[in-house]
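Participant: This one is upload38.cif, mmCIF, C-alpha atoms, pLDDT in the B column; chains and numbers go by the auth columns.
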```
data_run
#
loop_
_atom_site.group_PDB
_atom_site.id
_atom_site.type_symbol
_atom_site.label_atom_id
_atom_site.label_comp_id
_atom_site.label_asym_id
_atom_site.label_seq_id
_atom_site.Cartn_x
_atom_site.Cartn_y
_atom_site.Cartn_z
_atom_site.B_iso_or_equiv
_atom_site.auth_seq_id
_atom_site.auth_asym_id
ATOM 1 C CA MET A 1 -25.463 -4.695 -21.281 89.00 183 A
ATOM 2 C CA LYS A 2 -22.586 -2.338 -21.899 96.00 184 A
ATOM 3 C CA LEU A 3 -19.276 -2.510 -20.063 98.00 185 A
ATOM 4 C CA VAL A 4 -17.803 0.822 -19.040 98.00 186 A
ATOM 5 C CA PHE A 5 -14.124 0.598 -18.128 98.00 187 A
ATOM 6 C CA LEU A 6 -12.705 3.348 -15.928 98.00 188 A
ATOM 7 C CA LEU A 7 -8.947 3.115 -16.401 98.00 189 A
ATOM 8 C CA GLU A 8 -5.850 4.607 -14.851 97.00 190 A
ATOM 9 C CA GLU A 9 -4.211 5.429 -18.164 97.00 191 A
ATOM 10 C CA GLN A 10 -4.322 5.345 -21.959 98.00 192 A
ATOM 11 C CA SER A 11 -2.182 2.217 -22.297 98.00 193 A
ATOM 12 C CA MET A 12 -4.915 0.103 -20.660 98.00 194 A
ATOM 13 C CA LYS A 13 -7.430 1.469 -23.180 98.00 195 A
ATOM 14 C CA GLU A 14 -5.120 0.477 -26.022 98.00 196 A
ATOM 15 C CA LEU A 15 -4.833 -3.019 -24.548 98.00 197 A
ATOM 16 C CA LEU A 16 -8.616 -3.357 -24.202 98.00 198 A
ATOM 17 C CA ASP A 17 -9.220 -2.158 -27.758 98.00 199 A
ATOM 18 C CA GLY A 18 -7.089 -5.056 -29.009 97.00 200 A
ATOM 19 C CA LEU A 19 -8.361 -7.598 -26.502 97.00 201 A
ATOM 20 C CA MET A 20 -12.114 -7.118 -26.088 98.00 202 A
ATOM 21 C CA PRO A 21 -13.266 -7.588 -29.712 97.00 203 A
ATOM 22 C CA ARG A 22 -11.200 -10.788 -30.028 96.00 204 A
ATOM 23 C CA MET A 23 -12.058 -12.405 -26.712 96.00 205 A
ATOM 24 C CA PHE A 24 -15.562 -11.075 -26.222 97.00 206 A
ATOM 25 C CA PRO A 25 -16.979 -10.458 -29.707 96.00 207 A
ATOM 26 C CA GLY A 26 -20.267 -8.618 -29.688 95.00 208 A
ATOM 27 C CA VAL A 27 -19.836 -7.252 -26.162 97.00 209 A
ATOM 28 C CA GLU A 28 -20.371 -3.519 -26.247 97.00 210 A
ATOM 29 C CA TYR A 29 -17.835 -1.596 -24.197 98.00 211 A
ATOM 30 C CA MET A 30 -16.437 1.854 -23.616 98.00 212 A
ATOM 31 C CA ALA A 31 -12.956 2.449 -22.228 98.00 213 A
ATOM 32 C CA ILE A 32 -12.362 5.749 -20.440 98.00 214 A
ATOM 33 C CA PRO A 33 -8.688 6.418 -19.663 98.00 215 A
ATOM 34 C CA HIS A 34 -7.593 8.866 -16.985 98.00 216 A
ATOM 35 C CA SER A 35 -4.360 10.728 -16.314 98.00 217 A
ATOM 36 C CA GLY A 36 -3.089 8.510 -13.518 97.00 218 A
ATOM 37 C CA LYS A 37 -4.373 7.109 -10.243 96.00 219 A
ATOM 38 C CA SER A 38 -5.457 10.396 -8.638 97.00 220 A
ATOM 39 C CA ASP A 39 -7.422 11.462 -11.688 98.00 221 A
ATOM 40 C CA LEU A 40 -9.125 8.056 -11.821 98.00 222 A
ATOM 41 C CA GLU A 41 -10.001 8.099 -8.129 97.00 223 A
ATOM 42 C CA LYS A 42 -11.386 11.651 -8.269 97.00 224 A
ATOM 43 C CA SER A 43 -13.425 10.722 -11.325 97.00 225 A
ATOM 44 C CA ILE A 44 -15.032 7.510 -9.998 98.00 226 A
ATOM 45 C CA PRO A 45 -17.686 9.071 -7.725 96.00 227 A
ATOM 46 C CA ARG A 46 -18.594 11.745 -10.250 96.00 228 A
ATOM 47 C CA LYS A 47 -18.915 9.366 -13.210 97.00 229 A
ATOM 48 C CA LEU A 48 -20.759 6.655 -11.311 97.00 230 A
ATOM 49 C CA ARG A 49 -23.346 9.109 -9.935 96.00 231 A
ATOM 50 C CA ALA A 50 -23.873 10.867 -13.259 95.00 232 A
ATOM 51 C CA TRP A 51 -24.095 7.809 -15.526 95.00 233 A
ATOM 52 C CA GLN A 52 -27.643 7.475 -16.853 92.00 234 A
ATOM 53 C CA ASP A 53 -27.612 4.149 -18.714 94.00 235 A
ATOM 54 C CA PRO A 54 -29.134 1.472 -16.428 92.00 236 A
ATOM 55 C CA GLN A 55 -27.592 -1.252 -18.640 93.00 237 A
ATOM 56 C CA ALA A 56 -24.039 -0.070 -17.930 96.00 238 A
ATOM 57 C CA ARG A 57 -21.793 -2.310 -15.829 97.00 239 A
ATOM 58 C CA PHE A 58 -18.635 -0.676 -14.530 98.00 240 A
ATOM 59 C CA VAL A 59 -15.152 -2.162 -14.467 98.00 241 A
ATOM 60 C CA ILE A 60 -12.403 -0.224 -12.721 98.00 242 A
ATOM 61 C CA VAL A 61 -8.818 -1.180 -13.552 98.00 243 A
ATOM 62 C CA ARG A 62 -5.759 0.233 -11.835 97.00 244 A
ATOM 63 C CA ASP A 63 -2.116 -0.714 -11.355 97.00 245 A
ATOM 64 C CA GLN A 64 -1.026 -1.892 -7.913 96.00 246 A
ATOM 65 C CA ASP A 65 2.463 -0.400 -8.186 93.00 247 A
ATOM 66 C CA SER A 66 4.079 -0.620 -4.737 92.00 248 A
ATOM 67 C CA ALA A 67 0.837 -0.319 -2.748 93.00 249 A
ATOM 68 C CA ASP A 68 -0.900 -3.112 -0.851 94.00 250 A
ATOM 69 C CA CYS A 69 -3.326 -4.679 -3.332 93.00 251 A
ATOM 70 C CA LYS A 70 -6.040 -5.265 -0.719 95.00 252 A
ATOM 71 C CA VAL A 71 -5.851 -1.670 0.500 96.00 253 A
ATOM 72 C CA VAL A 72 -6.081 -0.327 -3.075 97.00 254 A
ATOM 73 C CA LYS A 73 -9.065 -2.519 -3.870 97.00 255 A
ATOM 74 C CA ALA A 74 -10.831 -1.614 -0.594 97.00 256 A
ATOM 75 C CA HIS A 75 -10.336 2.101 -1.312 97.00 257 A
ATOM 76 C CA LEU A 76 -11.756 1.761 -4.834 98.00 258 A
ATOM 77 C CA ARG A 77 -14.656 -0.310 -3.456 98.00 259 A
ATOM 78 C CA GLU A 78 -15.427 2.449 -0.939 97.00 260 A
ATOM 79 C CA LEU A 79 -15.475 5.068 -3.721 97.00 261 A
ATOM 80 C CA CYS A 80 -17.963 2.911 -5.625 97.00 262 A
ATOM 81 C CA ASN A 81 -20.119 2.322 -2.546 96.00 263 A
ATOM 82 C CA GLN A 82 -20.221 6.057 -1.775 94.00 264 A
ATOM 83 C CA SER A 83 -21.522 6.585 -5.298 93.00 265 A
ATOM 84 C CA GLY A 84 -24.321 4.069 -4.870 92.00 266 A
ATOM 85 C CA LYS A 85 -22.765 1.552 -7.281 94.00 267 A
ATOM 86 C CA SER A 86 -21.635 -1.354 -5.153 93.00 268 A
ATOM 87 C CA ASP A 87 -21.725 -3.800 -8.071 95.00 269 A
ATOM 88 C CA CYS A 88 -18.640 -2.449 -9.882 97.00 270 A
ATOM 89 C CA LEU A 89 -15.981 -4.959 -10.869 98.00 271 A
ATOM 90 C CA ILE A 90 -12.605 -3.815 -9.539 98.00 272 A
ATOM 91 C CA ARG A 91 -9.425 -5.332 -10.914 98.00 273 A
ATOM 92 C CA ILE A 92 -5.840 -4.534 -10.010 97.00 274 A
ATOM 93 C CA SER A 93 -2.959 -5.316 -12.349 96.00 275 A
ATOM 94 C CA CYS A 94 -0.246 -6.627 -10.047 95.00 276 A
ATOM 95 C CA ARG A 95 2.320 -4.467 -10.081 93.00 277 A
ATOM 96 C CA GLU A 96 1.803 -2.909 -13.515 96.00 278 A
ATOM 97 C CA LEU A 97 0.025 -3.588 -16.787 97.00 279 A
ATOM 98 C CA GLU A 98 3.328 -4.879 -18.162 98.00 280 A
ATOM 99 C CA SER A 99 3.018 -7.894 -15.837 98.00 281 A
ATOM 100 C CA TRP A 100 0.170 -9.046 -18.062 98.00 282 A
ATOM 101 C CA PHE A 101 2.476 -8.792 -21.083 98.00 283 A
ATOM 102 C CA LEU A 102 5.331 -10.621 -19.372 98.00 284 A
ATOM 103 C CA GLY A 103 2.873 -13.408 -18.584 98.00 285 A
ATOM 104 C CA ASP A 104 2.550 -14.128 -22.313 98.00 286 A
ATOM 105 C CA LEU A 105 5.972 -13.754 -23.904 98.00 287 A
ATOM 106 C CA GLN A 106 4.699 -15.445 -27.053 98.00 288 A
ATOM 107 C CA ALA A 107 2.314 -12.510 -27.556 98.00 289 A
ATOM 108 C CA VAL A 108 5.136 -10.045 -26.877 98.00 290 A
ATOM 109 C CA GLU A 109 7.403 -11.864 -29.350 98.00 291 A
ATOM 110 C CA THR A 110 4.752 -11.757 -32.076 98.00 292 A
ATOM 111 C CA ALA A 111 3.579 -8.195 -31.422 98.00 293 A
ATOM 112 C CA MET A 112 6.984 -6.613 -31.005 98.00 294 A
ATOM 113 C CA ARG A 113 8.724 -8.788 -33.619 97.00 295 A
ATOM 114 C CA VAL A 114 11.463 -9.876 -31.231 96.00 296 A
ATOM 115 C CA ARG A 115 12.845 -13.356 -31.661 95.00 297 A
ATOM 116 C CA ASN A 116 13.113 -16.102 -29.063 95.00 298 A
ATOM 117 C CA LEU A 117 11.217 -14.437 -26.222 96.00 299 A
ATOM 118 C CA LYS A 118 8.676 -17.205 -25.708 96.00 300 A
ATOM 119 C CA LYS A 119 11.491 -19.595 -24.759 95.00 301 A
ATOM 120 C CA GLN A 120 12.125 -17.466 -21.680 96.00 302 A
ATOM 121 C CA GLN A 121 8.586 -17.952 -20.314 96.00 303 A
ATOM 122 C CA ASN A 122 9.662 -20.913 -18.190 93.00 304 A
ATOM 123 C CA SER A 123 12.630 -19.138 -16.634 95.00 305 A
ATOM 124 C CA ARG A 124 12.187 -18.413 -12.942 94.00 306 A
ATOM 125 C CA LYS A 125 11.853 -14.664 -13.520 93.00 307 A
ATOM 126 C CA TYR A 126 8.834 -14.939 -15.846 96.00 308 A
ATOM 127 C CA ARG A 127 6.960 -17.830 -14.211 95.00 309 A
ATOM 128 C CA ASN A 128 5.101 -15.387 -11.983 96.00 310 A
ATOM 129 C CA PRO A 129 5.387 -11.895 -13.499 97.00 311 A
ATOM 130 C CA ASP A 130 3.012 -10.395 -10.907 97.00 312 A
ATOM 131 C CA LYS A 131 5.830 -10.706 -8.362 95.00 313 A
ATOM 132 C CA LEU A 132 8.334 -8.617 -10.338 96.00 314 A
ATOM 133 C CA SER A 133 9.031 -5.274 -8.676 94.00 315 A
ATOM 134 C CA SER A 134 9.186 -3.310 -11.944 96.00 316 A
ATOM 135 C CA PRO A 135 7.585 -5.171 -14.861 97.00 317 A
ATOM 136 C CA SER A 136 7.931 -2.175 -17.189 97.00 318 A
ATOM 137 C CA ASP A 137 11.707 -2.150 -16.648 97.00 319 A
ATOM 138 C CA GLU A 138 11.858 -5.922 -17.223 97.00 320 A
ATOM 139 C CA LEU A 139 9.891 -5.570 -20.454 98.00 321 A
ATOM 140 C CA ARG A 140 12.229 -2.818 -21.672 97.00 322 A
ATOM 141 C CA LYS A 141 15.195 -5.126 -21.026 97.00 323 A
ATOM 142 C CA LEU A 142 13.589 -7.722 -23.303 97.00 324 A
ATOM 143 C CA VAL A 143 12.264 -5.211 -25.833 98.00 325 A
ATOM 144 C CA PRO A 144 14.405 -2.048 -25.744 97.00 326 A
ATOM 145 C CA LEU A 145 12.112 -0.246 -28.214 95.00 327 A
ATOM 146 C CA TYR A 146 9.000 -0.873 -26.079 97.00 328 A
ATOM 147 C CA GLN A 147 6.824 2.222 -25.654 97.00 329 A
ATOM 148 C CA LYS A 148 3.867 2.140 -23.263 97.00 330 A
ATOM 149 C CA ILE A 149 1.000 3.151 -25.600 98.00 331 A
ATOM 150 C CA SER A 150 2.110 1.652 -28.907 98.00 332 A
ATOM 151 C CA GLY A 151 3.354 -1.447 -27.075 98.00 333 A
ATOM 152 C CA ALA A 152 0.003 -1.916 -25.300 98.00 334 A
ATOM 153 C CA ARG A 153 -1.779 -1.529 -28.644 98.00 335 A
ATOM 154 C CA ALA A 154 0.422 -4.118 -30.362 98.00 336 A
ATOM 155 C CA ILE A 155 0.578 -6.626 -27.513 98.00 337 A
ATOM 156 C CA GLY A 156 -3.142 -6.248 -26.704 97.00 338 A
ATOM 157 C CA ALA A 157 -3.901 -7.494 -30.205 98.00 339 A
ATOM 158 C CA GLU A 158 -1.870 -10.657 -29.500 98.00 340 A
ATOM 159 C CA LEU A 159 -2.476 -11.541 -25.824 98.00 341 A
ATOM 160 C CA ARG A 160 -4.027 -14.960 -25.490 96.00 342 A
ATOM 161 C CA GLU A 161 -6.915 -16.047 -23.342 92.00 343 A
ATOM 162 C CA GLU A 162 -5.154 -19.191 -22.152 93.00 344 A
ATOM 163 C CA GLY A 163 -1.652 -19.774 -20.855 94.00 345 A
ATOM 164 C CA ASN A 164 -0.862 -16.336 -19.452 98.00 346 A
ATOM 165 C CA ARG A 165 1.363 -16.596 -16.355 97.00 347 A
ATOM 166 C CA SER A 166 0.010 -13.398 -14.786 98.00 348 A
ATOM 167 C CA GLN A 167 -2.566 -14.314 -12.183 97.00 349 A
ATOM 168 C CA SER A 168 -3.958 -10.760 -12.134 97.00 350 A
ATOM 169 C CA TYR A 169 -4.553 -10.961 -15.918 98.00 351 A
ATOM 170 C CA ASN A 170 -6.371 -14.263 -15.531 97.00 352 A
ATOM 171 C CA ILE A 171 -8.477 -12.877 -12.673 97.00 353 A
ATOM 172 C CA PHE A 172 -9.306 -9.845 -14.832 98.00 354 A
ATOM 173 C CA LEU A 173 -10.543 -12.078 -17.678 97.00 355 A
ATOM 174 C CA SER A 174 -12.450 -14.298 -15.269 97.00 356 A
ATOM 175 C CA GLY A 175 -14.211 -11.239 -13.816 97.00 357 A
ATOM 176 C CA ILE A 176 -15.226 -10.033 -17.284 97.00 358 A
ATOM 177 C CA ARG A 177 -16.561 -13.490 -18.175 97.00 359 A
ATOM 178 C CA LYS A 178 -18.602 -13.622 -14.997 96.00 360 A
ATOM 179 C CA LEU A 179 -19.898 -10.084 -15.479 96.00 361 A
ATOM 180 C CA ILE A 180 -21.181 -10.818 -18.977 96.00 362 A
ATOM 181 C CA GLY A 181 -22.483 -14.271 -18.033 93.00 363 A
ATOM 182 C CA ILE A 182 -19.929 -16.528 -19.706 88.00 364 A
ATOM 183 C CA SER A 183 -18.838 -19.612 -17.789 72.00 365 A
ATOM 184 C CA PRO A 184 -15.067 -20.026 -17.465 63.00 366 A
#
```
Please express the file's structure as structure tokens.
Facilitator:
Amino acid sequence: MKLVFLLEEQSMKELLDGLMPRMFPGVEYMAIPHSGKSDLEKSIPRKLRAWQDPQARFVIVRDQDSADCKVVKAHLRELCNQSGKSDCLIRISCRELESWFLGDLQAVETAMRVRNLKKQQNSRKYRNPDKLSSPSDELRKLVPLYQKISGARAIGAELREEGNRSQSYNIFLSGIRKLIGISP
């Protein structure tokens, strides 16, 4: 089996390149970034229809931003169904990818070399980072030098499998485990 990730943007690819080999060693994967939501959504039907490898399992990952998560997921599901691939795993990062980072401030502290961030994990603001309206802005307040691509690369290499406060991150990992046949 090979996992093929269709992603909204390059930063998610950088995250996966740091995460997948550590958490799922030996799992073959390919991460295909797109230039935003519209590019991803236009690409889904075309790529799913044209893909020739019968061993490929598709994972589509997109930010929620300010949209209704259920509506976004239903739309992506419909694109997959129209392409004849109803078995795609669809995961939405609630609100933004940075929510996943804010769910593990220890990883952010280590990756970005900023002191005393992990102590803030239990503050009300970071207990449920999926509820923050602008996680990227919150992350920049904590780490002023944070840049989307290099930050995703660095933090992706440090994110932990356990203890992340982002529910959407945990659901993402759970979906990957199930897809590759690993019990949680």
Participant: Atom CA of Leu341 of chain A and atom CA of Asp286 of chain A, how far apart in Å?
Facilitator: 6.7 Å
Participant: For a quick check of understanding, using only C-alpha atoms, which of A:Ser348, A:Lys330, A:Glu343, A:Val325 has the smallest distance to Pro311 of chain A?
Facilitator: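 When distances to Pro311 of chain A are compared using only C-alpha atoms, the smallest one comes from A:Ser348.
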Participant: Within 7 Å of (-12.1, 8.2, -16.9), all atoms listed in the file: residues as an MDAnalysis selection string?
Facilitator: chainID A and resid 188:189 214:216 222 225
Participant: Please identify all polymer residues lying at most 12 Å from the point (-9.3, -4.8, -30.2) (file coordinates), using all atoms listed in the file, and present the result as an MDAnalysis selection string.
Facilitator: chainID A and resid 194:213 334:341
Participant: Just give me the gap between atom CA of Gln192 of chain A and atom CA of Ile331 of chain A in Å, one decimal is fine.
Facilitator: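 These two atoms are separated by 6.8 Å.
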Participant: Applied to the shown file, which residues does the PyMOL selection byres ((chain A and resi 270) around 8) return, written as an mmCIF file with C-alpha atoms, keeping the file's coordinate frame?
Facilitator:
```
data_model
loop_
_atom_site.group_PDB
_atom_site.id
_atom_site.type_symbol
_atom_site.label_atom_id
_atom_site.label_comp_id
_atom_site.auth_asym_id
_atom_site.auth_seq_id
_atom_site.Cartn_x
_atom_site.Cartn_y
_atom_site.Cartn_z
ATOM 1 C CA ARG A 239 -21.793 -2.310 -15.829
ATOM 2 C CA PHE A 240 -18.635 -0.676 -14.530
ATOM 3 C CA VAL A 241 -15.152 -2.162 -14.467
ATOM 4 C CA ILE A 242 -12.403 -0.224 -12.721
ATOM 5 C CA ARG A 259 -14.656 -0.310 -3.456
ATOM 6 C CA CYS A 262 -17.963 2.911 -5.625
ATOM 7 C CA LYS A 267 -22.765 1.552 -7.281
ATOM 8 C CA SER A 268 -21.635 -1.354 -5.153
ATOM 9 C CA ASP A 269 -21.725 -3.800 -8.071
ATOM 10 C CA LEU A 271 -15.981 -4.959 -10.869
ATOM 11 C CA ILE A 272 -12.605 -3.815 -9.539
#
```
Participant: Starting from the shown file, work through the PyMOL selection byres ((chain A and resi 273) around 9) and note down what comes out as a PyMOL selection string.
Facilitator: chain A and resi 241-245+255+271-272+274-275+350-351+353-354+357
Participant: Tell me which of A:Arg295, A:Lys307, A:Arg228, A:Lys252 sits closest to Tyr328 of chain A, counting only C-alpha atoms.
Facilitator: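 Result for the nearest residue to Tyr328 of chain A: A:Arg295.
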Participant: Using all atoms listed in the file, determine which residues lie at most 12 Å from Lys301 of chain A, disregarding the query and same-chain residues fewer than 2 positions distant; provide the list as a list in words.
Facilitator: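 Residues near the query, excluding close chain neighbours: Asp286, Leu287, Gln288, Ala289, Val290, Glu291, Val296, Arg297, Asn298, Leu299, Gln303, Asn304, Ser305, Arg306, Tyr308 and Arg309 of chain A.
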Participant: What separation in Å, quoted to one decimal, exists between atom CA of Ser365 of chain A and atom CA of Ala256 of chain A?
Facilitator: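 Atom-to-atom, atom CA of Ser365 of chain A to atom CA of Ala256 of chain A, that is 26.1 Å.
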